[in-house]
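Enquirer: Quick one: structure below, then a few questions.
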Amino acid sequence: MEFNKRTYLILLLLVALWCGGIVLAPSLSTTLPGVSSFLYSFYSPICHQIDVRSFHLFGEKIGVCSRCSSIYFGFLLSLALYPFFQKLQAPAFPQRHWIALAVLPMLIDVFMNFTGIHESTLLTRAITGLLFGIILPFYLIPPLLEGIAQLRDQHIARGGFFYARKTQ
Amino acid sequence: MLEKPNKFRIALISGAVIGVVAAIPGLSLINCCCCAGVWLGGVLAMYLYKQQFTEGMPPLESSDALMLGLMAGVIGAFVATCINVLILVAFGPVEAELVKSMIGKVLDRLSEQGSMPSDMVETLKEQIEQSIKDAGRASNIFGGLFITLIVYPIFAILGALLGYAIFRPKTPPQTTQA
């Protein structure tokens, strides 16, 4: 399997695990409360986890709020579909302005809520988060695949682990 | 050919920014939105690193973003924990109190509107109160450091990669494929 494809699959697995943890936190609250508690603690530095601002599963809030979960699940969805839009061997960098356009609705939603012009709802948070999450992989995957390949090349040049495997 | 600029100094600066943003009560709330503070720290690291490049140096590469993000995230996690401990020792659990007052207001409003039963509001308030009591425990501090040592590097790397995608040279260097 090509190196970039393997890197992509590992990344997809890690993102799926990350998103899986978010829904596992409420799912395990009755059967494995210790694991559930750890998962909530794990996600606590990155999200406020306010109950009323979160989606619920089995009557419990999920690991992160609606905006964060929309970003992560949008990211996972877009990452899963990424090979249909871009070649993994040589992924192209998109134009810079698309990221600004993707983040703008979320910033407007946050700003309007903060100033009291319009109170953000689960729906507005979910839609704006999803949009940002879907766009993100198109900016992150090309440098990530390229960067990991470069690190591997540098490692091979130094006669590291990959070099040893290649020559076996 | 000249060598690339030193990453450690830039990682220290951006790591310190990540740590300060994550630890200062109130300011740390920015991390409530998918670790936005850590993302911005990663972008800042990439911006500062790009400024160090002069003619004759090898071009900026994606692998620089990966390493820089990783270093900034790890440093940020340690800086945040150190500042948190200092604040805890000097002023007590200020941040937890701030969050308590903010969430308390939301809960009271929901209770008044009838959107949430009052007994649930009380339970949530008790849980917040308990978390304030637990804030100073060594296990909580080390547990927090353990989690941030995983989470901050991930988001700082993502920030640095995003920074690379934004500030990258016009013609990115080609990589060899396996």
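Note on naming: chains are A, B, ... as they come in the structure tokens, residues start from 1 per chain, ligands start from 1 in the order shown.
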Could you give me, as an mmCIF file with N, CA and C atoms, in the first residue's frame, the residues within 9 Å of Leu145 in chain A, counting only C-alpha atoms and dropping anything in the same chain fewer than 2 positions from it?
Expert:
```
data_model
loop_
_atom_site.group_PDB
_atom_site.id
_atom_site.type_symbol
_atom_site.label_atom_id
_atom_site.label_comp_id
_atom_site.auth_asym_id
_atom_site.auth_seq_id
_atom_site.Cartn_x
_atom_site.Cartn_y
_atom_site.Cartn_z
ATOM 1 N N PHE A 3 2.426 4.864 0.741
ATOM 2 C CA PHE A 3 2.645 5.493 2.045
ATOM 3 C C PHE A 3 1.533 6.497 2.385
ATOM 4 N N ASN A 4 1.189 7.353 1.415
ATOM 5 C CA ASN A 4 0.161 8.370 1.670
ATOM 6 C C ASN A 4 -1.198 7.738 1.968
ATOM 7 N N LYS A 5 -1.499 6.638 1.279
ATOM 8 C CA LYS A 5 -2.783 5.964 1.496
ATOM 9 C C LYS A 5 -2.826 5.377 2.914
ATOM 10 N N THR A 7 -1.056 6.411 5.493
ATOM 11 C CA THR A 7 -1.137 7.532 6.442
ATOM 12 C C THR A 7 -2.580 8.026 6.542
ATOM 13 N N TYR A 8 -3.225 8.108 5.377
ATOM 14 C CA TYR A 8 -4.616 8.577 5.335
ATOM 15 C C TYR A 8 -5.528 7.638 6.133
ATOM 16 N N LEU A 88 -4.788 11.165 -3.272
ATOM 17 C CA LEU A 88 -3.968 11.087 -2.056
ATOM 18 C C LEU A 88 -2.471 11.167 -2.383
ATOM 19 N N GLN A 89 -2.109 10.760 -3.588
ATOM 20 C CA GLN A 89 -0.695 10.779 -3.977
ATOM 21 C C GLN A 89 -0.171 12.213 -4.068
ATOM 22 N N ALA A 90 -1.000 13.107 -4.568
ATOM 23 C CA ALA A 90 -0.567 14.507 -4.708
ATOM 24 C C ALA A 90 -1.755 15.430 -4.458
ATOM 25 N N PRO A 91 -2.215 15.518 -3.192
ATOM 26 C CA PRO A 91 -3.381 16.371 -2.916
ATOM 27 C C PRO A 91 -3.064 17.847 -3.148
ATOM 28 N N LEU A 140 -6.042 20.726 5.691
ATOM 29 C CA LEU A 140 -5.127 20.039 6.613
ATOM 30 C C LEU A 140 -4.504 18.771 6.024
ATOM 31 N N ILE A 141 -5.236 18.078 5.176
ATOM 32 C CA ILE A 141 -4.717 16.800 4.660
ATOM 33 C C ILE A 141 -3.496 16.974 3.737
ATOM 34 N N PRO A 142 -3.534 17.929 2.794
ATOM 35 C CA PRO A 142 -2.333 18.054 1.930
ATOM 36 C C PRO A 142 -1.043 18.303 2.710
ATOM 37 N N PRO A 143 -0.999 19.310 3.630
ATOM 38 C CA PRO A 143 0.272 19.488 4.349
ATOM 39 C C PRO A 143 0.583 18.338 5.293
ATOM 40 N N GLY A 147 3.858 16.471 4.901
ATOM 41 C CA GLY A 147 4.780 16.607 6.033
ATOM 42 C C GLY A 147 5.235 15.265 6.567
ATOM 43 N N ILE A 148 4.313 14.314 6.692
ATOM 44 C CA ILE A 148 4.690 12.990 7.211
ATOM 45 C C ILE A 148 5.616 12.292 6.214
ATOM 46 N N ALA A 149 5.341 12.462 4.910
ATOM 47 C CA ALA A 149 6.227 11.873 3.890
ATOM 48 C C ALA A 149 7.622 12.500 3.967
ATOM 49 N N GLN A 150 7.669 13.807 4.210
ATOM 50 C CA GLN A 150 8.973 14.482 4.337
ATOM 51 C C GLN A 150 9.739 13.989 5.563
ATOM 52 N N SER B 62 6.134 21.348 4.934
ATOM 53 C CA SER B 62 5.030 20.874 5.799
ATOM 54 C C SER B 62 5.573 20.186 7.050
#
```
Enquirer: Counting only C-alpha atoms, which residues from chain B have an atom at most 7 Å from any atom of chain A, and could you show them as a list in words?
Expert: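 Listed by rising number, the hits are Asn31, Cys32, Cys33, Cys34, Cys35, Ser62, Ser63, Leu66, Ile147, Leu158, Leu161, Leu162, Ala165, Ile166, Thr175 and Ala178 of chain B.
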Enquirer: Extract the full set of helix (DSSP H, G or I) residues from range 78-138 of chain A according to DSSP on the backbone, and format it as an NGL selection string.
Expert: :A and (78-85 or 97-115 or 122-138)
Enquirer: Can you tell me, as a PyMOL selection string, which residues in chain A count as strand (DSSP E) by DSSP?
Expert: chain A and resi 56-57+60-61
Enquirer: Just how far from CA of Ala126 in chain A is CA of Ser36 in chain A, in Å to one decimal?
Expert: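 The value is 23.5 Å.
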Enquirer: Name the closest residue to Phe38 in chain A among the candidates B:Trp39, B:Phe146, B:Tyr164, B:Phe91; distances are taken between atoms, counting only C-alpha atoms.
Expert: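 Checking each candidate against Phe38 in chain A, we get B:Phe146 as the closest.
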Enquirer: Between B:Phe167, B:Phe78, B:Tyr152, B:Phe142, which has the minimum distance to Ala65 in chain B (counting only C-alpha atoms)?
Expert: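 Ranking B:Phe167, B:Phe78, B:Tyr152, B:Phe142 by distance to Ala65 in chain B, first place goes to B:Phe167.
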Enquirer: Excluding Gly19 in chain B and its own-chain neighbours fewer than 4 positions away, which residues fall within 6 Å of it when counting only C-alpha atoms? Please give them as a PyMOL selection string.
Expert: chain B and resi 76+79-80
Enquirer: Just the residues within 9 Å of range 11-24 of chain A, please, counting only C-alpha atoms, with nothing from its chain fewer than 4 positions along; format it as a list of chain:residue names.
Expert: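 Final neighbour list, sorted by chain and number: A:Arg6, A:Thr7, A:Leu28, A:Ser29, A:Val35, A:Ser36, A:Leu39, A:Tyr40, A:Tyr43, A:Leu57, A:Lys61, A:Ile62, A:Gly63, A:Val64, A:Ser69, A:Tyr72, A:Phe73, A:Phe75, A:Leu76, A:Leu79, A:Ala80.
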Enquirer: Skip Leu27 in chain B itself and residues of its chain fewer than 5 positions away, then list as an mmCIF file with C-alpha atoms, in the first residue's frame all residues within 12 Å of it, counting only C-alpha atoms.
Expert:
```cif
data_model
loop_
_atom_site.group_PDB
_atom_site.id
_atom_site.type_symbol
_atom_site.label_atom_id
_atom_site.label_comp_id
_atom_site.auth_asym_id
_atom_site.auth_seq_id
_atom_site.Cartn_x
_atom_site.Cartn_y
_atom_site.Cartn_z
ATOM 1 C CA VAL B 17 1.149 32.008 24.252
ATOM 2 C CA ILE B 18 -0.857 28.747 24.179
ATOM 3 C CA GLY B 19 -0.175 28.192 27.886
ATOM 4 C CA VAL B 20 -1.064 31.745 28.944
ATOM 5 C CA VAL B 21 -4.278 31.760 26.893
ATOM 6 C CA ALA B 22 -5.235 28.351 28.317
ATOM 7 C CA CYS B 32 -14.086 26.054 24.878
ATOM 8 C CA CYS B 35 -9.318 24.525 21.490
ATOM 9 C CA ALA B 36 -9.363 27.702 19.371
ATOM 10 C CA GLY B 37 -6.569 29.201 21.506
ATOM 11 C CA GLU B 95 -11.495 29.813 36.812
ATOM 12 C CA LEU B 98 -15.957 31.976 37.009
ATOM 13 C CA VAL B 99 -17.378 29.022 35.091
#
```
Enquirer: Just checking: using only C-alpha atoms, which residue out of B:Met120, B:Arg168, B:Leu86, B:Ala138 ends up closest to Tyr49 in chain B?
Expert: B:Arg168
Enquirer: May I ask for the distance between CA of Ser78 in chain A and CA of Ile134 in chain A, given in Å to one decimal place?
Expert: 5.1 Å
